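K.L.:
Below you'll find my_file_10.txt; it's compact mmCIF, C-alpha atoms and all ligand atoms.
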# COMPACT_ATOMS: atom_id res chain seq x y z
CA MET A 268 -11.15 89.57 135.61
CA SER A 269 -11.18 93.30 134.83
CA GLU A 270 -7.81 93.76 136.58
CA TYR A 271 -6.13 92.01 133.63
CA LYS A 272 -4.91 93.56 130.41
CA TYR A 273 -6.75 93.00 127.18
CA SER A 274 -4.84 90.08 125.63
CA THR A 275 -5.04 88.22 128.94
CA LEU A 276 -8.79 88.80 129.11
CA ALA A 277 -9.19 87.53 125.55
CA VAL A 278 -7.47 84.25 126.38
CA HIS A 279 -8.95 83.72 129.83
CA ALA A 280 -12.28 85.53 130.39
CA GLY A 281 -14.94 82.82 130.46
CA GLN A 282 -12.35 80.29 129.27
CA HIS A 283 -11.29 78.64 132.52
CA PRO A 284 -10.85 74.85 132.46
CA ASP A 285 -13.92 72.62 132.59
CA PRO A 286 -14.51 71.90 136.32
CA LEU A 287 -15.52 68.28 135.64
CA THR A 288 -12.63 67.14 133.42
CA GLY A 289 -10.02 69.89 133.44
CA ALA A 290 -10.34 70.30 129.66
CA VAL A 291 -8.63 73.58 128.81
CA ASN A 292 -11.18 74.37 126.12
CA VAL A 293 -14.79 75.15 126.91
CA PRO A 294 -16.82 71.98 126.14
CA VAL A 295 -19.62 72.24 123.58
CA TYR A 296 -22.70 71.32 125.57
CA LEU A 297 -24.93 69.85 122.90
CA SER A 298 -27.94 69.37 125.10
CA SER A 299 -31.30 70.97 124.56
CA THR A 300 -32.50 70.06 128.04
CA PHE A 301 -30.93 69.40 131.46
CA GLU A 302 -31.89 66.95 134.18
CA LEU A 303 -33.57 68.70 137.08
CA THR A 304 -32.50 67.94 140.65
CA GLY A 305 -36.07 68.08 141.94
CA ILE A 306 -39.24 70.03 141.43
CA GLY A 307 -38.24 73.55 140.49
CA THR A 308 -34.54 72.92 141.23
CA ASP A 309 -31.66 72.42 138.81
CA ARG A 310 -27.87 72.62 138.50
CA GLY A 311 -27.98 76.09 136.93
CA TRP A 312 -29.52 75.13 133.60
CA ASP A 313 -32.88 73.69 132.62
CA TYR A 314 -33.36 74.29 128.89
CA SER A 315 -30.85 75.60 126.35
CA ARG A 316 -32.99 78.42 124.99
CA ALA A 317 -32.96 79.95 128.46
CA GLY A 318 -29.30 79.16 129.12
CA ASN A 319 -26.54 76.83 128.02
CA PRO A 320 -23.15 76.29 129.73
CA THR A 321 -21.16 76.97 126.52
CA ARG A 322 -23.20 80.07 125.76
CA ASP A 323 -22.76 81.29 129.34
CA ARG A 324 -18.99 81.20 128.92
CA LEU A 325 -19.14 83.21 125.68
CA GLU A 326 -21.56 85.72 127.16
CA TYR A 327 -19.23 86.20 130.14
CA ALA A 328 -16.29 86.77 127.79
CA LEU A 329 -18.24 89.28 125.68
CA ALA A 330 -19.25 91.28 128.76
CA ALA A 331 -15.63 91.27 130.00
CA LEU A 332 -14.25 92.47 126.65
CA GLU A 333 -16.72 95.37 126.43
CA GLY A 334 -16.68 96.24 130.15
CA GLY A 335 -20.40 95.45 130.46
CA VAL A 336 -22.65 93.84 133.05
CA SER A 337 -24.00 91.05 130.83
CA GLY A 338 -23.48 89.57 127.37
CA HIS A 339 -26.19 87.95 125.26
CA ALA A 340 -25.42 85.81 122.21
CA PHE A 341 -27.79 85.50 119.25
CA THR A 342 -27.94 83.53 116.01
CA THR A 343 -26.82 86.47 113.83
CA GLY A 344 -26.00 90.13 114.10
CA MET A 345 -29.46 90.90 112.73
CA ALA A 346 -31.05 88.75 115.45
CA ALA A 347 -29.11 90.80 118.01
CA ILE A 348 -30.45 94.06 116.53
CA SER A 349 -33.96 92.54 116.51
CA ALA A 350 -33.52 91.72 120.21
CA LEU A 351 -32.27 95.24 120.86
CA VAL A 352 -35.48 96.78 119.56
CA ALA A 353 -37.87 94.01 120.69
CA PRO A 354 -38.61 95.73 124.04
CA LEU A 355 -39.74 98.95 122.28
CA HIS A 356 -43.47 99.65 122.13
CA ALA A 357 -45.88 101.17 119.64
CA GLY A 358 -45.55 104.95 119.85
CA ASP A 359 -41.83 104.86 120.75
CA HIS A 360 -39.40 106.88 118.68
CA LEU A 361 -36.10 105.38 117.52
CA VAL A 362 -33.31 107.56 116.15
CA CYS A 363 -30.81 105.76 113.93
CA SER A 364 -27.60 106.80 112.16
CA ARG A 365 -28.39 107.42 108.51
CA ASP A 366 -25.28 105.69 107.24
CA VAL A 367 -25.73 102.22 108.80
CA TYR A 368 -25.52 98.67 107.47
CA ALA A 369 -28.38 98.41 105.00
CA GLY A 370 -29.66 95.24 106.70
CA THR A 371 -30.41 97.35 109.76
CA VAL A 372 -32.43 99.74 107.61
CA ARG A 373 -34.28 96.80 106.04
CA LEU A 374 -35.17 95.42 109.49
CA PHE A 375 -36.28 98.80 110.82
CA ASP A 376 -38.25 99.91 107.73
CA GLN A 377 -39.79 96.63 106.66
CA ILE A 378 -40.48 94.98 110.02
CA VAL A 379 -40.00 97.18 113.10
CA SER A 380 -41.92 100.17 111.71
CA GLY A 381 -44.91 97.80 111.26
CA TYR A 382 -45.12 97.51 115.06
CA GLY A 383 -45.90 101.23 115.33
CA ILE A 384 -42.36 102.27 116.26
CA GLU A 385 -41.37 105.49 114.57
CA ILE A 386 -37.90 105.40 113.04
CA GLU A 387 -35.97 108.51 112.12
CA TYR A 388 -32.62 108.42 110.30
CA VAL A 389 -30.30 111.28 111.04
CA ASP A 390 -26.69 112.16 110.43
CA THR A 391 -25.41 111.29 113.91
CA SER A 392 -21.99 112.75 113.09
CA ASP A 393 -23.75 116.13 113.39
CA LEU A 394 -24.61 116.71 117.06
CA THR A 395 -27.03 119.55 116.32
CA THR A 396 -29.07 117.18 114.16
CA VAL A 397 -29.07 114.57 116.92
CA GLU A 398 -30.25 117.15 119.47
CA ALA A 399 -32.97 118.34 117.08
CA ALA A 400 -34.20 114.77 116.53
CA MET A 401 -34.83 114.07 120.21
CA ARG A 402 -38.48 113.92 121.29
CA PRO A 403 -40.23 113.09 124.57
CA ASN A 404 -40.97 109.59 123.23
CA THR A 405 -37.40 108.90 121.96
CA ARG A 406 -36.38 105.64 123.65
CA LEU A 407 -33.27 104.67 121.73
CA VAL A 408 -30.52 106.24 119.61
CA HIS A 409 -28.82 103.53 117.57
CA ILE A 410 -25.48 104.44 116.03
CA GLU A 411 -22.84 102.74 113.95
CA THR A 412 -19.37 104.22 114.14
CA PRO A 413 -17.37 104.12 111.93
CA SER A 414 -20.20 103.91 109.45
CA ASN A 415 -20.61 101.51 106.60
CA PRO A 416 -19.04 102.00 104.01
CA LEU A 417 -18.16 105.70 104.27
CA MET A 418 -16.31 105.45 107.59
CA VAL A 419 -18.03 108.49 109.08
CA LEU A 420 -17.60 108.71 112.85
CA THR A 421 -20.17 109.57 115.49
CA ASP A 422 -18.98 111.03 118.77
CA ILE A 423 -20.24 108.34 121.17
CA ALA A 424 -19.71 110.35 124.38
CA ALA A 425 -21.43 113.46 122.99
CA VAL A 426 -24.41 111.56 121.55
CA SER A 427 -24.77 109.67 124.84
CA ARG A 428 -24.89 112.95 126.75
CA ILE A 429 -27.61 114.30 124.42
CA ALA A 430 -29.67 111.11 124.52
CA HIS A 431 -29.42 110.76 128.30
CA ALA A 432 -30.53 114.35 128.81
CA HIS A 433 -33.71 113.37 126.95
CA GLY A 434 -34.22 110.09 128.79
CA ALA A 435 -33.16 107.90 125.85
CA GLU A 436 -30.59 105.11 125.70
CA VAL A 437 -27.75 104.76 123.20
CA SER A 438 -26.80 101.55 121.45
CA VAL A 439 -23.67 101.23 119.33
CA ASP A 440 -23.02 98.73 116.55
CA ASN A 441 -19.33 98.11 117.31
CA THR A 442 -18.82 95.46 114.63
CA PHE A 443 -16.33 97.42 112.47
CA LEU A 444 -13.77 97.97 115.23
CA SER A 445 -14.34 95.02 117.57
CA PRO A 446 -14.01 95.43 121.36
CA VAL A 447 -10.23 95.62 120.95
CA LEU A 448 -10.37 99.03 119.28
CA GLN A 449 -13.44 100.68 120.74
CA ASN A 450 -15.45 100.29 123.95
CA PRO A 451 -18.69 102.28 123.67
CA LEU A 452 -19.83 101.52 127.23
CA VAL A 453 -16.68 103.11 128.61
CA LEU A 454 -17.48 106.20 126.49
CA GLY A 455 -20.98 106.49 127.97
CA ALA A 456 -23.19 104.39 125.68
CA ASP A 457 -25.70 102.00 127.26
CA ILE A 458 -25.69 98.94 124.99
CA VAL A 459 -23.15 97.50 122.55
CA MET A 460 -24.07 95.33 119.61
CA HIS A 461 -21.78 93.08 117.52
CA SER A 462 -22.13 90.90 114.53
CA THR A 463 -19.79 88.19 115.87
CA THR A 464 -19.78 86.88 112.30
CA LYS A 465 -17.00 89.43 111.70
CA TYR A 466 -13.86 90.11 113.81
CA LEU A 467 -14.97 88.29 116.98
CA ASN A 468 -15.26 84.95 115.24
CA GLY A 469 -12.73 86.12 112.69
CA HIS A 470 -12.56 83.11 110.37
CA SER A 471 -15.64 83.57 108.17
CA ASP A 472 -17.03 80.22 109.26
CA GLY A 473 -19.97 81.11 111.44
CA LEU A 474 -22.82 83.55 111.95
CA GLY A 475 -23.62 85.22 115.23
CA GLY A 476 -24.56 88.37 117.05
CA ALA A 477 -24.29 89.83 120.52
CA LEU A 478 -25.65 92.50 122.81
CA ILE A 479 -23.72 93.70 125.84
CA GLY A 480 -25.65 95.68 128.44
CA SER A 481 -24.35 98.04 131.09
CA THR A 482 -26.97 97.59 133.84
CA ALA A 483 -28.72 94.82 135.77
CA GLU A 484 -31.95 95.91 134.07
CA HIS A 485 -30.41 95.28 130.63
CA LYS A 486 -29.48 91.80 131.82
CA GLU A 487 -33.07 91.04 132.79
CA ARG A 488 -34.38 92.67 129.60
CA PHE A 489 -32.20 90.72 127.18
CA LEU A 490 -32.44 87.43 129.09
CA LEU A 491 -36.20 87.73 128.64
CA VAL A 492 -35.84 88.44 124.91
CA GLN A 493 -33.52 85.44 124.54
CA LYS A 494 -35.93 83.15 126.35
CA ALA A 495 -39.11 84.55 124.85
CA ALA A 496 -38.06 85.23 121.24
CA GLY A 497 -35.52 82.41 121.15
CA ALA A 498 -32.94 83.46 118.53
CA VAL A 499 -30.03 82.27 120.69
CA MET A 500 -26.60 81.27 119.40
CA SER A 501 -26.03 77.52 119.14
CA PRO A 502 -23.46 75.93 121.47
CA PHE A 503 -21.17 75.07 118.55
CA GLU A 504 -21.21 78.64 117.22
CA CYS A 505 -20.48 79.81 120.78
CA PHE A 506 -17.44 77.55 120.83
CA LEU A 507 -16.22 78.99 117.52
CA VAL A 508 -16.55 82.56 118.79
CA LEU A 509 -14.83 81.65 122.08
CA ARG A 510 -11.99 80.17 120.06
CA GLY A 511 -11.87 83.26 117.82
CA ILE A 512 -11.75 85.62 120.79
CA LYS A 513 -8.51 84.06 122.07
CA THR A 514 -6.61 85.44 119.08
CA LEU A 515 -8.71 88.58 118.59
CA PRO A 516 -6.14 91.09 119.92
CA LEU A 517 -3.36 89.50 117.84
CA ARG A 518 -5.48 89.38 114.71
CA VAL A 519 -6.72 92.93 115.12
CA GLN A 520 -3.13 94.13 115.54
CA GLN A 521 -2.19 92.59 112.18
CA HIS A 522 -5.44 93.75 110.51
CA GLU A 523 -4.67 97.26 111.72
CA GLU A 524 -1.05 97.27 110.57
CA ASN A 525 -2.06 96.00 107.13
CA GLY A 526 -5.03 98.39 106.96
CA HIS A 527 -2.81 101.36 107.61
CA ALA A 528 -0.29 100.32 104.96
CA VAL A 529 -3.08 99.81 102.39
CA ALA A 530 -4.66 103.17 103.19
CA GLU A 531 -1.30 104.91 102.75
CA PHE A 532 -0.85 103.17 99.41
CA LEU A 533 -4.34 103.99 98.13
CA SER A 534 -4.18 107.59 99.33
CA THR A 535 -1.69 108.51 96.62
CA HIS A 536 -2.95 106.23 93.85
CA PRO A 537 -4.10 108.23 90.81
CA LYS A 538 -7.07 105.97 90.06
CA VAL A 539 -8.48 106.12 93.58
CA SER A 540 -10.64 108.94 94.85
CA ARG A 541 -12.56 109.74 98.04
CA LEU A 542 -10.70 107.19 100.14
CA ALA A 543 -12.38 106.84 103.54
CA TYR A 544 -10.13 105.58 106.35
CA PRO A 545 -10.19 107.29 109.75
CA GLY A 546 -6.52 106.48 110.40
CA LEU A 547 -5.30 108.98 107.80
CA LYS A 548 -4.66 112.49 109.07
CA SER A 549 -6.58 113.74 106.02
CA HIS A 550 -9.79 112.09 107.33
CA PRO A 551 -12.01 114.96 108.52
CA GLN A 552 -12.65 113.18 111.84
CA TYR A 553 -9.13 111.93 112.50
CA ASP A 554 -9.04 113.72 115.86
CA LEU A 555 -12.30 112.10 116.98
CA ALA A 556 -10.95 108.70 115.90
CA VAL A 557 -7.86 109.25 118.04
CA LYS A 558 -10.04 110.36 120.96
CA GLN A 559 -12.60 107.57 121.07
CA GLN A 560 -10.91 104.63 119.33
CA LYS A 561 -7.89 102.61 120.40
CA GLY A 562 -6.91 102.11 116.74
CA PHE A 563 -8.27 102.62 113.26
CA GLY A 564 -9.07 99.10 112.13
CA SER A 565 -8.86 97.63 108.68
CA MET A 566 -12.08 98.72 107.02
CA MET A 567 -11.99 101.35 104.30
CA SER A 568 -13.69 102.31 101.08
CA PHE A 569 -12.83 104.32 98.01
CA GLU A 570 -14.25 105.31 94.64
CA LEU A 571 -13.44 104.29 91.13
CA LYS A 572 -15.02 106.26 88.30
CA SER A 573 -17.86 103.89 87.39
CA ARG A 574 -19.54 100.54 87.95
CA ASP A 575 -17.64 99.26 84.93
CA GLU A 576 -14.30 100.21 86.50
CA ALA A 577 -15.42 98.60 89.78
CA ALA A 578 -16.27 95.37 87.92
CA ARG A 579 -12.89 95.30 86.19
CA PHE A 580 -11.04 95.94 89.44
CA LEU A 581 -12.94 93.23 91.34
CA GLY A 582 -12.48 90.76 88.49
CA ALA A 583 -8.72 91.30 88.42
CA LEU A 584 -8.03 90.74 92.13
CA LYS A 585 -6.07 87.56 92.92
CA ILE A 586 -5.70 87.48 96.71
CA PHE A 587 -8.72 89.55 97.67
CA LEU A 588 -12.03 87.74 97.30
CA ASN A 589 -14.96 89.59 95.80
CA ALA A 590 -17.30 88.87 98.68
CA GLU A 591 -19.56 90.55 101.20
CA SER A 592 -18.79 90.48 104.94
CA LEU A 593 -15.69 91.64 106.78
CA GLY A 594 -13.42 90.97 109.72
CA GLY A 595 -12.15 87.55 108.63
CA VAL A 596 -8.49 86.63 108.24
CA GLU A 597 -8.80 86.89 104.45
CA SER A 598 -8.93 90.19 102.55
CA LEU A 599 -12.28 90.93 100.95
CA ALA A 600 -13.40 93.54 98.43
CA SER A 601 -17.00 94.33 97.60
CA HIS A 602 -19.07 96.63 95.44
CA SER A 603 -21.12 98.59 97.98
CA ALA A 604 -24.01 99.57 95.68
CA THR A 605 -24.90 95.95 94.87
CA THR A 606 -23.90 94.17 98.09
CA THR A 607 -24.26 95.81 101.52
CA HIS A 608 -26.39 98.61 100.06
CA GLY A 609 -28.12 96.60 97.33
CA SER A 610 -31.46 96.86 99.13
CA VAL A 611 -31.25 100.67 99.28
CA SER A 612 -32.70 102.66 96.35
CA GLU A 613 -30.28 104.36 93.96
CA GLU A 614 -31.66 107.71 95.01
CA ILE A 615 -30.99 107.12 98.71
CA ARG A 616 -27.57 105.68 97.94
CA ALA A 617 -26.73 108.81 95.97
CA SER A 618 -27.93 111.01 98.83
CA MET A 619 -25.69 109.01 101.20
CA GLY A 620 -22.71 109.49 98.88
CA ILE A 621 -22.41 105.86 97.81
CA ASN A 622 -21.87 105.89 94.06
CA GLU A 623 -21.62 103.05 91.55
CA GLY A 624 -17.84 102.98 91.70
CA ARG A 625 -17.54 102.62 95.49
CA ILE A 626 -15.49 99.65 96.67
CA ARG A 627 -15.26 98.54 100.29
CA LEU A 628 -12.20 96.69 101.53
CA SER A 629 -11.82 94.49 104.58
CA ILE A 630 -8.08 94.03 104.93
CA GLY A 631 -7.07 90.60 106.16
CA ILE A 632 -3.95 89.33 107.91
CA GLU A 633 -2.03 88.15 104.83
CA ASP A 634 1.40 89.66 104.14
CA LYS A 635 0.90 93.38 103.53
CA GLU A 636 3.28 93.48 100.56
CA ASP A 637 1.21 90.80 98.82
CA ILE A 638 -2.02 92.65 99.62
CA ILE A 639 -0.72 95.92 98.20
CA ALA A 640 0.74 94.23 95.12
CA ASP A 641 -2.66 92.65 94.46
CA LEU A 642 -4.46 95.99 94.71
CA ASP A 643 -1.81 97.60 92.52
CA GLN A 644 -2.14 95.06 89.71
CA ALA A 645 -5.97 95.16 89.85
CA LEU A 646 -5.99 98.97 89.73
CA ALA A 647 -3.70 98.80 86.69
CA THR A 648 -6.49 97.04 84.77
CA VAL A 649 -8.93 99.90 85.39
C1 LIG A 701 -22.00 96.68 110.79
C2 LIG A 701 -22.86 95.46 110.68
N1 LIG A 701 -23.83 95.27 111.58
C3 LIG A 701 -24.64 94.18 111.53
C4 LIG A 701 -24.50 93.24 110.53
C5 LIG A 701 -25.41 92.05 110.50
O1 LIG A 701 -24.73 90.93 110.97
P1 LIG A 701 -25.07 89.41 110.53
O2 LIG A 701 -24.72 89.29 109.09
O3 LIG A 701 -24.24 88.59 111.44
O4 LIG A 701 -26.53 89.24 110.74
C6 LIG A 701 -23.50 93.40 109.57
C7 LIG A 701 -23.34 92.41 108.49
O5 LIG A 701 -22.65 92.61 107.54
C8 LIG A 701 -22.66 94.55 109.65
O6 LIG A 701 -21.69 94.75 108.75
Have the structure of the file written as structure tokens, please.
P.N.:
Amino acid sequence: MSEYKYSTLAVHAGQHPDPLTGAVNVPVYLSSTFELTGIGTDRGWDYSRAGNPTRDRLEYALAALEGGVSGHAFTTGMAAISALVAPLHAGDHLVCSRDVYAGTVRLFDQIVSGYGIEIEYVDTSDLTTVEAAMRPNTRLVHIETPSNPLMVLTDIAAVSRIAHAHGAEVSVDNTFLSPVLQNPLVLGADIVMHSTTKYLNGHSDGLGGALIGSTAEHKERFLLVQKAAGAVMSPFECFLVLRGIKTLPLRVQQHEENGHAVAEFLSTHPKVSRLAYPGLKSHPQYDLAVKQQKGFGSMMSFELKSRDEAARFLGALKIFLNAESLGGVESLASHSATTTHGSVSEEIRASMGINEGRIRLSIGIEDKEDIIADLDQALATV
């Protein structure tokens, strides 16, 4: 289907009518097991952990949207990251962006490091640092771009060149932009990861994660992890994500338009400082954003003076919900130090540049004038 343009792919990739009934929506195959046609023969499926017809359709769509060879759907984004690192061995070295979702750090530091895998956090926006971190046993460089919540970009093509020269692979957490706005595989990365909980599903009503590989070996590797470790997405969740994907390009277009308008508004507001949004020309990596992204998205963060100001601002919002997560149709605001980065020590947060007044916004698809008016009235209470 790769000959089609993006919105066509979103509606049709993996979403052809059911061959049995002609139903235009992918049926939810709620069956744990499948009747075999003989000894060692089946109709394509034998047990849903290994493969399920609804999941197959979603995995096909995910691979098509990212330009990959295979898609693999998991119960959550964290399960997808667990599957990403599951094939590593004791003695392997993993390089990770310093400024990533704190849940990734929790997984790596509190679980994965216990398996004897050495994890090193570096500022992947600095290519010299990435080069210096590479070792003979480096197997994987995991990056998140734009980063969370400071919206720092990593040059995917340049990091991929460095990693490949040292025999390592590159995985990219592409959750913040969705496949509509950034395609890491096209830029040279090896594996893409998504929390489908966010833009792909888009309606804040399900949890899920995905890996998209770029080679036949990745397909074998992640099929094995799905079958062996078992954290596969349920057929119903697959249906929800398939439904979400149909409107993904449209939603992202509106998210983006609103995000830009909000960033422009906040950029001149006297109570707002250190606004981070790669779509503003004042962002230090604006040129890189233009080069590797197809848009700027609707995630941003800024600083108020203190935790007290942040609390007053969040308490005064009327349309925005004070909630974690992102990428849903509704606008969300959250206090980074106690939500996404609550599990990170104050010291590390300070070293990352996340202070007590930092607010992250996920701009939804409501009317942009209402969104801006809501922010304006809440900032007036600070
Ligand atoms: C960038 C990013 N990656 C991964 C995750 C984890 O995804 P999930 O909550 O679906 O496990 C999140 C969750 O907020 C996230 O923001």
K.L.:
Dump the neighbourhood of ligand LIG 701 (chain A) as a count of residues only: all residues within 9 Å, distances computed on all atoms listed in the file.
P.N.:
35
K.L.:
Show which residues sit within 12 Å of Ala331 (chain A), as a ChimeraX atom specification. Count only C-alpha atoms, and ignore same-chain residues fewer than 3 positions away.
P.N.:
/A:268-282,324-328,334-338,446-447,450,452-453,479-481,512
K.L.:
Fewer than 6 positions away in the same chain doesn't count, so skip those; otherwise give me all residues within 7 Å of region 468-470 of chain A, counting only C-alpha atoms, as an MDAnalysis selection string.
P.N.:
chainID A and resid 507:508 511:512 594:596
K.L.:
Based on the selection just made, write C-alpha atoms of those residues as a compact mmCIF listing (two decimals), in the coordinates of the input.
P.N.:
# COMPACT_ATOMS: atom_id res chain seq x y z
CA LEU A 507 -16.22 78.99 117.52
CA VAL A 508 -16.55 82.56 118.79
CA GLY A 511 -11.87 83.26 117.82
CA ILE A 512 -11.75 85.62 120.79
CA GLY A 594 -13.42 90.97 109.72
CA GLY A 595 -12.15 87.55 108.63
CA VAL A 596 -8.49 86.63 108.24
K.L.:
Would you work out the distance separating CA of Leu509 (chain A) from CA of Glu523 (chain A), expressed in Å to one decimal?
P.N.:
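Spanning CA of Leu509 (chain A) to CA of Glu523 (chain A) is a straight-line distance of 21.3 Å.
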K.L.:
Just the number, please: distance in Å from CA of Ser364 (chain A) to CA of Glu531 (chain A), one decimal.
P.N.:
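CA of Glu531 (chain A) lies at a distance of 28.0 Å from CA of Ser364 (chain A).
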K.L.:
What gap, in Å, lies between CA of Phe580 (chain A) and CA of Gln552 (chain A)?
P.N.:
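About the pair CA of Phe580 (chain A) and CA of Gln552 (chain A): they are 28.3 Å apart.
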